>>> print(open('data_39.cif').read())   # mmCIF, C-alpha atoms
data_final
loop_
_atom_site.label_atom_id
_atom_site.label_comp_id
_atom_site.auth_asym_id
_atom_site.auth_seq_id
_atom_site.Cartn_x
_atom_site.Cartn_y
_atom_site.Cartn_z
CA MET S 27 -12.18 -6.42 -17.78
CA VAL S 28 -13.66 -3.84 -20.13
CA ILE S 29 -11.63 -0.79 -21.03
CA ILE S 30 -13.81 2.03 -22.29
CA ALA S 31 -12.12 3.83 -25.13
CA GLN S 32 -14.02 7.13 -25.23
CA TYR S 33 -15.32 9.39 -22.48
CA GLN S 34 -17.04 12.76 -22.62
CA PRO S 35 -15.72 14.98 -19.82
CA PRO S 36 -18.20 17.32 -18.13
CA SER S 37 -18.27 21.02 -19.01
CA PRO S 38 -16.77 23.46 -18.46
CA VAL S 39 -13.29 22.15 -19.23
CA LYS S 40 -10.13 24.19 -19.10
CA ILE S 41 -7.13 22.63 -20.84
CA VAL S 42 -3.79 23.71 -19.43
CA MET S 43 -0.09 22.82 -19.51
CA PRO S 44 0.46 21.59 -23.08
CA ILE S 45 2.58 18.51 -23.54
CA ASP S 46 5.68 19.82 -25.26
CA SER S 47 7.75 16.68 -25.78
CA PRO S 48 7.59 12.91 -25.27
CA SER S 49 10.06 13.20 -22.39
CA SER S 50 8.20 15.93 -20.47
CA VAL S 51 7.05 14.93 -17.01
CA LEU S 52 3.40 15.33 -17.95
CA SER S 53 3.84 13.19 -21.05
CA ARG S 54 5.50 10.48 -18.99
CA ILE S 55 2.70 10.54 -16.43
CA ARG S 56 0.24 10.08 -19.27
CA GLN S 57 2.26 7.17 -20.69
CA LEU S 58 2.26 5.41 -17.32
CA ILE S 59 -1.48 5.99 -16.90
CA ALA S 60 -2.11 4.61 -20.40
CA THR S 61 -0.38 1.34 -19.48
CA PRO S 62 -2.74 -0.87 -17.43
CA SER S 63 -1.18 -2.65 -14.45
CA ILE S 64 -4.06 -3.59 -12.18
CA SER S 65 -3.35 -5.93 -9.29
CA SER S 66 -6.21 -7.70 -7.60
CA VAL S 67 -6.98 -10.70 -5.43
CA SER S 68 -9.62 -11.53 -8.08
CA PRO S 69 -7.88 -13.31 -10.98
CA GLN S 70 -10.25 -11.86 -13.58
CA PHE S 71 -8.92 -8.36 -12.86
CA ASP S 72 -5.26 -9.11 -12.08
CA GLN S 73 -2.66 -8.02 -14.65
CA SER S 74 1.09 -8.01 -15.16
CA ASN S 75 3.05 -4.86 -14.35
CA ARG S 76 5.92 -5.68 -16.72
CA ALA S 77 4.95 -3.10 -19.36
CA VAL S 78 5.17 -0.34 -16.74
CA ILE S 79 8.44 -1.74 -15.37
CA ASP S 80 9.98 -1.91 -18.85
CA MET S 81 8.91 1.67 -19.59
CA LEU S 82 10.47 2.93 -16.37
CA ALA S 83 13.63 0.92 -17.04
CA GLY S 84 14.06 2.58 -20.44
CA TRP S 85 13.72 6.08 -19.02
CA LEU S 86 16.11 5.35 -16.15
CA GLU S 87 18.74 3.81 -18.40
CA GLU S 88 18.59 6.98 -20.54
CA ALA S 89 19.22 8.97 -17.35
CA GLY S 90 22.36 6.93 -16.60
CA PHE S 91 20.98 4.60 -13.91
CA ALA S 92 22.09 0.99 -13.56
CA VAL S 93 18.79 -0.88 -13.79
CA GLN S 94 17.80 -4.28 -12.41
CA ILE S 95 14.46 -5.91 -13.18
CA ILE S 96 13.70 -8.63 -10.63
CA PRO S 97 10.73 -10.93 -11.38
CA LEU S 98 8.74 -12.05 -8.34
CA PRO S 99 9.61 -15.67 -7.46
CA GLN S 100 6.01 -16.93 -7.50
CA GLN S 101 4.72 -14.51 -10.16
CA PRO S 102 7.22 -14.23 -13.03
CA ASP S 103 4.86 -11.99 -15.01
CA LYS S 104 5.36 -9.34 -12.31
CA ALA S 105 8.57 -7.64 -11.25
CA ASN S 106 10.27 -5.08 -9.06
CA LEU S 107 12.73 -2.56 -10.48
CA ILE S 108 15.81 -1.23 -8.68
CA ALA S 109 17.64 1.59 -10.49
CA THR S 110 20.83 3.02 -8.99
CA LEU S 111 22.83 6.14 -9.79
CA GLY S 112 26.15 6.37 -7.96
CA ARG S 113 27.73 4.16 -5.34
CA GLY S 114 28.14 3.99 -1.58
CA PRO S 115 26.63 2.56 1.60
CA GLY S 116 24.03 5.25 2.29
CA GLY S 117 21.98 7.39 -0.03
CA LEU S 118 18.35 7.97 -0.78
CA VAL S 119 15.61 5.66 -2.11
CA LEU S 120 12.61 7.13 -3.93
CA ALA S 121 9.99 4.38 -4.00
CA GLY S 122 6.60 3.78 -5.52
CA HIS S 123 4.34 0.92 -6.54
CA THR S 124 3.53 0.34 -10.19
CA ASP S 125 0.11 -1.28 -9.77
CA THR S 126 -3.35 0.21 -9.43
CA VAL S 127 -6.65 -1.07 -8.11
CA PRO S 128 -9.45 -2.16 -10.47
CA PHE S 129 -11.94 0.49 -11.56
CA ASP S 130 -15.67 1.01 -12.05
CA ALA S 131 -15.76 1.83 -15.77
CA GLY S 132 -19.30 3.18 -15.86
CA ARG S 133 -18.68 5.69 -13.08
CA TRP S 134 -15.77 7.56 -14.69
CA HIS S 135 -16.35 10.79 -16.61
CA TYR S 136 -12.82 10.57 -18.02
CA ASP S 137 -11.00 7.69 -19.65
CA PRO S 138 -9.20 6.00 -16.71
CA PHE S 139 -6.26 5.28 -19.05
CA GLY S 140 -6.40 8.56 -20.97
CA GLY S 141 -4.42 10.90 -18.73
CA VAL S 142 -6.88 13.65 -19.67
CA VAL S 143 -5.67 17.13 -18.72
CA ALA S 144 -8.62 19.27 -17.72
CA ASN S 145 -9.67 21.71 -15.01
CA GLU S 146 -6.01 22.19 -14.05
CA CYS S 147 -5.74 18.50 -13.16
CA ILE S 148 -4.67 15.28 -14.84
CA TYR S 149 -7.22 12.48 -14.56
CA GLY S 150 -6.61 8.75 -14.69
CA LEU S 151 -6.16 5.51 -12.79
CA GLY S 152 -2.95 5.89 -10.78
CA THR S 153 -2.50 9.64 -11.12
CA ALA S 154 -2.50 10.13 -7.34
CA ASP S 155 -1.97 6.52 -6.26
CA MET S 156 0.76 6.54 -7.44
CA LYS S 157 2.23 6.27 -10.93
CA ALA S 158 2.70 10.03 -11.25
CA PHE S 159 5.20 10.01 -8.38
CA LEU S 160 7.49 7.65 -10.29
CA ALA S 161 7.53 9.99 -13.29
CA LEU S 162 8.25 12.93 -10.98
CA ALA S 163 11.06 11.05 -9.22
CA ILE S 164 12.71 10.31 -12.58
CA ALA S 165 12.31 13.94 -13.66
CA ALA S 166 13.98 15.22 -10.48
CA ALA S 167 16.72 12.59 -10.65
CA SER S 168 17.49 13.44 -14.28
CA GLU S 169 18.76 16.84 -13.18
CA PHE S 170 21.71 15.18 -11.39
CA ALA S 171 24.75 13.50 -12.92
CA VAL S 172 26.60 10.64 -11.31
CA ARG S 173 29.61 12.93 -10.81
CA ASP S 174 27.43 15.12 -8.57
CA LEU S 175 26.63 12.33 -6.13
CA ARG S 176 28.58 11.45 -3.02
CA GLN S 177 25.98 8.85 -2.01
CA PRO S 178 23.78 6.76 -4.32
CA LEU S 179 20.31 7.64 -5.51
CA VAL S 180 17.97 4.67 -5.93
CA ILE S 181 14.59 4.61 -7.61
CA LEU S 182 12.52 1.61 -6.55
CA ALA S 183 9.35 0.49 -8.34
CA THR S 184 7.41 -2.41 -6.83
CA ALA S 185 4.67 -4.85 -7.80
CA ASP S 186 1.35 -5.78 -6.20
CA GLU S 187 1.19 -3.24 -3.40
CA GLU S 188 -2.56 -2.89 -3.85
CA SER S 189 -3.30 -6.59 -3.42
CA SER S 190 -0.66 -8.76 -1.76
CA MET S 191 2.44 -6.64 -1.01
CA ALA S 192 4.27 -9.42 -2.88
CA GLY S 193 6.82 -7.02 -4.35
CA ALA S 194 7.77 -5.49 -1.01
CA ARG S 195 7.81 -8.89 0.68
CA ALA S 196 10.17 -10.21 -2.01
CA LEU S 197 12.55 -7.36 -1.26
CA THR S 198 12.62 -8.14 2.46
CA LEU S 199 13.11 -11.86 1.81
CA ALA S 200 16.07 -11.04 -0.44
CA GLY S 201 17.47 -8.94 2.41
CA ARG S 202 19.40 -6.62 0.13
CA PRO S 203 20.10 -3.17 1.60
CA LEU S 204 18.99 -0.41 -0.77
CA GLY S 205 19.87 2.82 1.04
CA ARG S 206 19.80 4.63 4.34
CA HIS S 207 16.86 6.97 3.81
CA ALA S 208 13.65 6.32 1.88
CA VAL S 209 10.65 8.23 0.60
CA ILE S 210 7.49 6.47 -0.57
CA GLY S 211 5.42 8.80 -2.72
CA GLU S 212 1.92 7.80 -1.63
CA PRO S 213 -0.60 10.65 -1.85
CA THR S 214 -0.35 12.68 1.37
CA GLY S 215 -0.91 16.17 0.01
CA LEU S 216 2.87 16.69 0.34
CA GLN S 217 2.59 16.33 4.12
CA PRO S 218 5.29 14.06 5.61
CA VAL S 219 4.04 10.94 7.39
CA ARG S 220 6.15 8.84 9.75
CA MET S 221 3.53 6.53 11.30
CA HIS S 222 0.59 4.44 10.22
CA LYS S 223 -1.37 1.53 11.63
CA GLY S 224 -0.86 -2.06 10.57
CA ILE S 225 -3.37 -4.50 9.09
CA LEU S 226 -4.14 -8.08 10.10
CA MET S 227 -6.98 -10.06 8.52
CA GLU S 228 -7.78 -13.56 9.75
CA ALA S 229 -10.39 -16.23 9.04
CA ILE S 230 -11.58 -18.16 12.10
CA ARG S 231 -13.30 -21.47 11.32
CA LEU S 232 -15.25 -23.78 13.59
CA GLU S 233 -16.29 -27.30 12.61
CA GLY S 234 -18.92 -29.06 14.68
CA ARG S 235 -21.37 -31.85 13.94
CA SER S 236 -24.72 -31.58 12.18
CA GLY S 237 -27.89 -33.16 13.43
CA HIS S 238 -31.67 -32.75 13.61
CA SER S 239 -32.62 -29.50 15.28
CA SER S 240 -35.28 -31.25 17.40
CA ASP S 241 -32.58 -32.70 19.65
CA PRO S 242 -29.48 -30.56 20.44
CA ALA S 243 -27.67 -33.67 21.72
CA LEU S 244 -27.50 -35.02 18.17
CA GLY S 245 -24.91 -32.45 17.06
CA VAL S 246 -22.43 -29.77 18.07
CA SER S 247 -23.38 -26.28 16.87
CA ALA S 248 -20.57 -24.35 15.23
CA LEU S 249 -22.83 -21.32 15.14
CA GLU S 250 -23.32 -21.34 18.90
CA GLY S 251 -19.58 -21.85 19.29
CA MET S 252 -18.95 -18.80 17.10
CA HIS S 253 -21.25 -16.82 19.38
CA ARG S 254 -18.83 -17.60 22.21
CA VAL S 255 -15.88 -16.69 19.96
CA ILE S 256 -17.40 -13.31 19.09
CA GLY S 257 -17.94 -12.52 22.76
CA GLU S 258 -14.33 -13.36 23.51
CA LEU S 259 -13.10 -11.23 20.60
CA LEU S 260 -15.05 -8.24 21.87
CA ARG S 261 -13.59 -8.71 25.36
CA TRP S 262 -10.11 -8.90 23.83
CA ARG S 263 -10.79 -5.72 21.85
CA GLU S 264 -11.69 -3.89 25.05
CA GLU S 265 -8.44 -5.06 26.65
CA LEU S 266 -6.34 -4.00 23.65
CA GLN S 267 -7.99 -0.58 23.52
CA ALA S 268 -7.46 -0.07 27.25
CA ARG S 269 -3.79 -1.03 26.94
CA TYR S 270 -2.77 0.72 23.69
CA ARG S 271 -3.52 4.30 22.74
CA ASN S 272 -1.86 6.89 20.51
CA PRO S 273 -3.53 10.32 20.42
CA LEU S 274 -1.74 11.24 17.17
CA PHE S 275 -4.21 9.03 15.28
CA ALA S 276 -7.78 10.14 14.53
CA VAL S 277 -8.85 6.72 15.84
CA GLU S 278 -6.36 6.58 18.66
CA VAL S 279 -6.88 2.94 19.67
CA PRO S 280 -6.35 -0.34 17.80
CA THR S 281 -9.51 -1.58 16.13
CA LEU S 282 -10.95 -5.06 15.68
CA ASN S 283 -13.76 -5.41 13.16
CA LEU S 284 -16.08 -8.39 12.69
CA GLY S 285 -16.39 -8.16 8.93
CA HIS S 286 -17.93 -11.36 7.57
CA ILE S 287 -19.63 -14.47 8.92
CA HIS S 288 -21.18 -17.51 7.31
CA GLY S 289 -22.49 -20.67 8.88
CA GLY S 290 -25.08 -23.37 8.48
CA ASP S 291 -27.45 -24.18 5.65
CA ASN S 292 -30.96 -24.73 7.03
CA PRO S 293 -32.95 -23.71 10.12
CA ASN S 294 -33.83 -27.30 11.00
CA ARG S 295 -30.23 -28.56 10.98
CA ILE S 296 -27.67 -28.06 13.72
CA CYS S 297 -24.94 -25.88 12.18
CA ALA S 298 -21.83 -27.95 11.47
CA ASP S 299 -19.54 -25.24 10.04
CA CYS S 300 -19.12 -21.53 10.68
CA GLU S 301 -16.45 -19.06 9.53
CA LEU S 302 -15.78 -15.53 10.72
CA HIS S 303 -13.45 -12.99 9.07
CA ILE S 304 -11.92 -10.27 11.24
CA ASP S 305 -9.78 -7.20 10.59
CA ILE S 306 -7.37 -5.80 13.21
CA ARG S 307 -5.63 -2.43 12.80
CA PRO S 308 -2.77 -2.34 15.33
CA LEU S 309 -0.92 0.76 16.45
CA PRO S 310 2.86 1.14 16.11
CA GLY S 311 4.51 -1.05 18.72
CA MET S 312 2.01 -3.89 18.27
CA MET S 313 3.51 -6.74 16.22
CA LEU S 314 1.38 -8.92 13.95
CA ALA S 315 3.03 -12.16 15.10
CA ASP S 316 2.26 -11.35 18.73
CA LEU S 317 -1.35 -10.51 17.91
CA ARG S 318 -1.86 -13.71 15.94
CA GLU S 319 -0.32 -15.79 18.73
CA ALA S 320 -2.55 -14.14 21.32
CA LEU S 321 -5.63 -14.60 19.12
CA HIS S 322 -4.94 -18.29 18.52
CA GLN S 323 -4.13 -19.04 22.15
CA ARG S 324 -7.09 -17.15 23.52
CA LEU S 325 -9.66 -18.88 21.32
CA SER S 326 -8.02 -22.28 21.74
CA ASP S 327 -8.31 -21.94 25.52
CA LEU S 328 -11.93 -20.79 25.18
CA LEU S 329 -13.03 -23.84 23.20
CA VAL S 330 -11.26 -26.61 25.14
CA GLU S 331 -13.66 -29.55 25.56
CA SER S 332 -16.28 -27.84 23.37
CA GLY S 333 -16.33 -30.60 20.79
CA LEU S 334 -15.53 -28.03 18.10
CA LEU S 335 -12.55 -28.09 15.77
CA LEU S 336 -10.94 -24.62 15.62
CA SER S 337 -8.70 -23.48 12.76
CA PHE S 338 -7.28 -20.19 11.49
CA ARG S 339 -6.32 -18.91 8.06
CA PRO S 340 -4.55 -15.61 7.33
CA LEU S 341 -6.53 -13.80 4.65
CA PHE S 342 -3.25 -12.18 3.63
CA ALA S 343 0.17 -11.85 5.18
CA GLY S 344 -0.64 -8.49 6.76
CA ILE S 345 1.17 -5.20 7.06
CA GLU S 346 3.07 -4.17 10.16
CA ALA S 347 2.49 -0.72 11.61
CA LEU S 348 5.01 1.94 10.58
CA GLU S 349 6.92 4.09 13.01
CA THR S 350 9.97 6.03 11.88
CA PRO S 351 11.57 8.00 14.72
CA ALA S 352 10.75 11.70 14.85
CA ALA S 353 14.48 12.42 15.08
CA ALA S 354 15.34 10.48 11.90
CA ALA S 355 17.22 12.57 9.35
CA ILE S 356 14.66 11.88 6.59
CA VAL S 357 11.82 12.98 8.88
CA ARG S 358 13.59 16.20 9.82
CA ALA S 359 14.50 16.89 6.18
CA THR S 360 10.96 16.50 4.87
CA GLU S 361 9.63 18.66 7.69
CA GLU S 362 12.15 21.41 6.90
CA LEU S 363 11.56 21.27 3.14
CA THR S 364 7.76 21.32 3.42
CA GLY S 365 7.33 23.41 6.56
CA ALA S 366 4.90 20.78 7.88
CA PRO S 367 5.32 18.48 10.90
CA ALA S 368 5.40 14.76 10.20
CA GLY S 369 2.06 13.17 10.97
CA VAL S 370 0.15 9.91 10.77
CA VAL S 371 -2.28 8.25 8.35
CA GLY S 372 -4.77 5.45 8.61
CA PHE S 373 -3.83 3.56 5.45
CA GLY S 374 -1.03 1.00 5.11
CA THR S 375 2.07 1.30 2.92
CA GLU S 376 5.26 -0.53 1.99
CA GLY S 377 7.11 1.56 4.59
CA PRO S 378 7.45 -1.21 7.20
CA TYR S 379 9.13 -3.45 4.61
CA LEU S 380 11.68 -0.77 3.72
CA ASN S 381 12.34 -0.06 7.40
CA ALA S 382 12.93 -3.78 7.91
CA LEU S 383 15.75 -3.51 5.37
CA GLY S 384 17.51 -0.94 7.53
CA MET S 385 16.08 2.23 6.03
CA GLU S 386 14.29 5.10 7.72
CA THR S 387 11.18 5.82 5.71
CA VAL S 388 8.83 8.76 5.27
CA ILE S 389 5.60 8.64 3.30
CA ILE S 390 5.09 11.81 1.27
CA GLY S 391 3.72 12.49 -2.17
CA PRO S 392 1.40 14.72 -4.20
CA GLY S 393 -2.34 14.28 -4.45
CA SER S 394 -4.97 13.17 -1.99
CA ILE S 395 -5.81 9.73 -0.66
CA ARG S 396 -9.44 10.87 -0.76
CA CYS S 397 -9.54 10.50 -4.54
CA ALA S 398 -7.49 7.30 -4.65
CA HIS S 399 -9.45 4.13 -5.49
CA GLN S 400 -12.28 6.40 -6.70
CA PRO S 401 -13.75 7.21 -10.12
CA ASP S 402 -12.11 10.23 -11.76
CA GLU S 403 -8.92 9.92 -9.71
CA PHE S 404 -6.83 13.02 -10.37
CA LEU S 405 -3.65 14.89 -9.58
CA PRO S 406 -3.72 18.71 -9.49
CA LEU S 407 -1.13 20.09 -11.89
CA ALA S 408 -0.21 22.71 -9.28
CA THR S 409 1.31 19.93 -7.14
CA ILE S 410 3.93 19.03 -9.77
CA PRO S 411 6.36 21.95 -9.21
CA PRO S 412 6.47 21.65 -5.39
CA THR S 413 6.92 17.89 -5.64
CA LEU S 414 9.88 18.33 -7.99
CA ALA S 415 11.34 20.96 -5.66
CA LEU S 416 10.96 18.63 -2.66
CA LEU S 417 12.63 15.73 -4.47
CA ARG S 418 15.49 17.94 -5.69
CA GLY S 419 16.01 19.13 -2.13
CA LEU S 420 16.09 15.58 -0.77
CA ILE S 421 18.48 14.36 -3.49
CA ASN S 422 20.77 17.28 -2.86
CA ARG S 423 20.75 16.74 0.91
CA PHE S 424 21.21 12.96 1.03
CA CYS S 425 23.11 12.21 -2.18
CA VAL S 426 25.07 15.37 -3.10
CA ALA S 427 25.86 17.10 0.20
CA SER S 428 26.05 13.94 2.33
CA ALA S 429 29.45 12.31 2.72
#
>>> encode(input="data_39.cif", output="structure tokens")
Amino acid sequence: MVIIAQYQPPSPVKIVMPIDSPSSVLSRIRQLIATPSISSVSPQFDQSNRAVIDMLAGWLEEAGFAVQIIPLPQQPDKANLIATLGRGPGGLVLAGHTDTVPFDAGRWHYDPFGGVVANECIYGLGTADMKAFLALAIAAASEFAVRDLRQPLVILATADEESSMAGARALTLAGRPLGRHAVIGEPTGLQPVRMHKGILMEAIRLEGRSGHSSDPALGVSALEGMHRVIGELLRWREELQARYRNPLFAVEVPTLNLGHIHGGDNPNRICADCELHIDIRPLPGMMLADLREALHQRLSDLLVESGLLLSFRPLFAGIEALETPAAAAIVRATEELTGAPAGVVGFGTEGPYLNALGMETVIIGPGSIRCAHQPDEFLPLATIPPTLALLRGLINRFCVASA
């Protein structure tokens, strides 16, 4: 990976909000942005997040938190962080992931690791998605002392959200309760979100038998078998979309996308191998395990006595759909504090993993998902004060006022 050291921002540029001290929230955002922590399914881009975790741990220890750094079992160079202020069975969790996606160096006008402040925004990889939220959570938390809290305040920082969800999955496997209410600071424009679709990606492989194309009886065509599979998948999609619908979503039905196919090697050979990759985006209420079981059974039944060997491979573990009840206290609180009704988004988050640990989770944070994963990712400076006010309000409600 090449890190470009110098960038020339476009004109005009207006510099605002000077950085007054190393501990200011803007300075801390810039320090997090300056510390690369890319996660990727491509090994040449993948990096450790430990430098970011260690930086957060230092700031949280200064603020009086008890800090645990938990390396991932299969990836010891990556870790989650759990920092706790106060004690008790309930409380509030402020959560964010420490990793970013890779970046297209030549398409940025600003240094992706520079945290450049210009045009009343701060630019850099992870400003919106979502390192800035962790700095803001620490800033809000630092205004409270342990003696103020009747329920604990937890700041959670995770690894590998952008690639494998390995950090969140490690938390669920450990099964350790963290709190009763949770906020994940993904960029939603400070609009509360209580639902999103899930993600399932599966490879479907057929193995047949090659032979000379002049005589079909000499082989078994995996490509023709995959034609039958695709037809069955499209019929299944129609059934799913007729059965499941949620008008709160812009695309109100579950989707099934045929994303990649490869088979055969020459036009005069019967195709012996063919592989198809699909993507399913289920609605809340549709479980990944049930979908995978139905997929496997349906295609197995289709290809009985076909002479083809059928196999499946998850392309990653998948993300369940999120649905936190509209009546949940954290949903009502974020709606009251923002004046906006809780809505839905199309992207996946770590929310289902936190809910599986017994929390009720809302997704809400500053910035826009539209600039995430894009060159010149940015966070408007005007979103910093309302985010701090929101977090103070949530800490006061669930940690100070709550018994």
>>> atom_distance(input="data_39.cif", atom1="atom CA of S:Gly201", atom2="atom CA of S:Gly384")
9.5 Å
>>> resolve_selection(input="data_39.cif", expression="the PyMOL selection byres ((chain S and resi 238) around 12)", output="MDAnalysis selection string")
chainID S and resid 235:237 239:247 292:298
>>> atom_distance(input="data_39.cif", atom1="atom CA of S:Gly290", atom2="atom CA of S:His322")
23.1 Å
>>> resolve_selection(input="data_39.cif", expression="the PyMOL selection byres ((chain S and resi 128) around 10)", output="ChimeraX atom specification")
/S:27,62-66,68,71-73,125-127,129-131,151,188,399-400
>>> closest_atom_pairs(input="data_39.cif", of="stretch 84-167 of chain S", to="stretch 205-208 of chain S", cutoff="8 Å", atoms="all atoms listed in the file", output="JSON lines")
{"residue": "S:Pro115", "atom": "CA", "partner": "S:Gly205", "partner_atom": "CA", "distance": 6.8}
{"residue": "S:Gly116", "atom": "CA", "partner": "S:Arg206", "partner_atom": "CA", "distance": 4.7}
{"residue": "S:Gly117", "atom": "CA", "partner": "S:Gly205", "partner_atom": "CA", "distance": 5.1}
{"residue": "S:Leu118", "atom": "CA", "partner": "S:His207", "partner_atom": "CA", "distance": 4.9}
{"residue": "S:Val119", "atom": "CA", "partner": "S:Ala208", "partner_atom": "CA", "distance": 4.5}
{"residue": "S:Leu120", "atom": "CA", "partner": "S:Ala208", "partner_atom": "CA", "distance": 6.0}
{"residue": "S:Ala121", "atom": "CA", "partner": "S:Ala208", "partner_atom": "CA", "distance": 7.2}
>>> decode(input="data_39.cif", residues="stretch 344-380 of chain S", atoms="C-alpha atoms", output="PDB file, in the first residue's frame")
ATOM      1  CA  GLY S 344     -22.845 -12.908   7.136  1.00  0.00           C
ATOM      2  CA  ILE S 345     -24.663 -10.260   9.127  1.00  0.00           C
ATOM      3  CA  GLU S 346     -28.118 -10.770  10.561  1.00  0.00           C
ATOM      4  CA  ALA S 347     -30.746  -8.100  10.011  1.00  0.00           C
ATOM      5  CA  LEU S 348     -31.185  -5.626  12.861  1.00  0.00           C
ATOM      6  CA  GLU S 349     -34.485  -4.851  14.509  1.00  0.00           C
ATOM      7  CA  THR S 350     -34.600  -3.063  17.840  1.00  0.00           C
ATOM      8  CA  PRO S 351     -38.165  -2.575  19.097  1.00  0.00           C
ATOM      9  CA  ALA S 352     -39.663   0.862  18.552  1.00  0.00           C
ATOM     10  CA  ALA S 353     -40.615   0.928  22.240  1.00  0.00           C
ATOM     11  CA  ALA S 354     -37.059   0.263  23.462  1.00  0.00           C
ATOM     12  CA  ALA S 355     -35.805   2.900  25.888  1.00  0.00           C
ATOM     13  CA  ILE S 356     -32.715   3.682  23.774  1.00  0.00           C
ATOM     14  CA  VAL S 357     -34.886   4.190  20.690  1.00  0.00           C
ATOM     15  CA  ARG S 358     -37.248   6.529  22.524  1.00  0.00           C
ATOM     16  CA  ALA S 359     -34.332   8.434  24.074  1.00  0.00           C
ATOM     17  CA  THR S 360     -32.551   9.060  20.783  1.00  0.00           C
ATOM     18  CA  GLU S 361     -35.819  10.125  19.170  1.00  0.00           C
ATOM     19  CA  GLU S 362     -36.505  12.597  21.991  1.00  0.00           C
ATOM     20  CA  LEU S 363     -32.970  13.999  22.017  1.00  0.00           C
ATOM     21  CA  THR S 364     -32.784  14.450  18.240  1.00  0.00           C
ATOM     22  CA  GLY S 365     -36.414  15.208  17.458  1.00  0.00           C
ATOM     23  CA  ALA S 366     -36.269  12.637  14.652  1.00  0.00           C
ATOM     24  CA  PRO S 367     -38.141   9.318  14.391  1.00  0.00           C
ATOM     25  CA  ALA S 368     -36.021   6.175  14.298  1.00  0.00           C
ATOM     26  CA  GLY S 369     -35.682   4.882  10.769  1.00  0.00           C
ATOM     27  CA  VAL S 370     -33.964   2.238   8.669  1.00  0.00           C
ATOM     28  CA  VAL S 371     -30.807   1.993   6.550  1.00  0.00           C
ATOM     29  CA  GLY S 372     -29.620  -0.331   3.843  1.00  0.00           C
ATOM     30  CA  PHE S 373     -26.102  -0.971   5.144  1.00  0.00           C
ATOM     31  CA  GLY S 374     -25.110  -3.549   7.759  1.00  0.00           C
ATOM     32  CA  THR S 375     -23.618  -2.862  11.189  1.00  0.00           C
ATOM     33  CA  GLU S 376     -22.427  -4.605  14.338  1.00  0.00           C
ATOM     34  CA  GLY S 377     -25.845  -3.951  15.888  1.00  0.00           C
ATOM     35  CA  PRO S 378     -27.146  -7.531  15.586  1.00  0.00           C
ATOM     36  CA  TYR S 379     -24.096  -8.804  17.491  1.00  0.00           C
ATOM     37  CA  LEU S 380     -24.678  -6.361  20.353  1.00  0.00           C
TER      38      LEU S 380
END
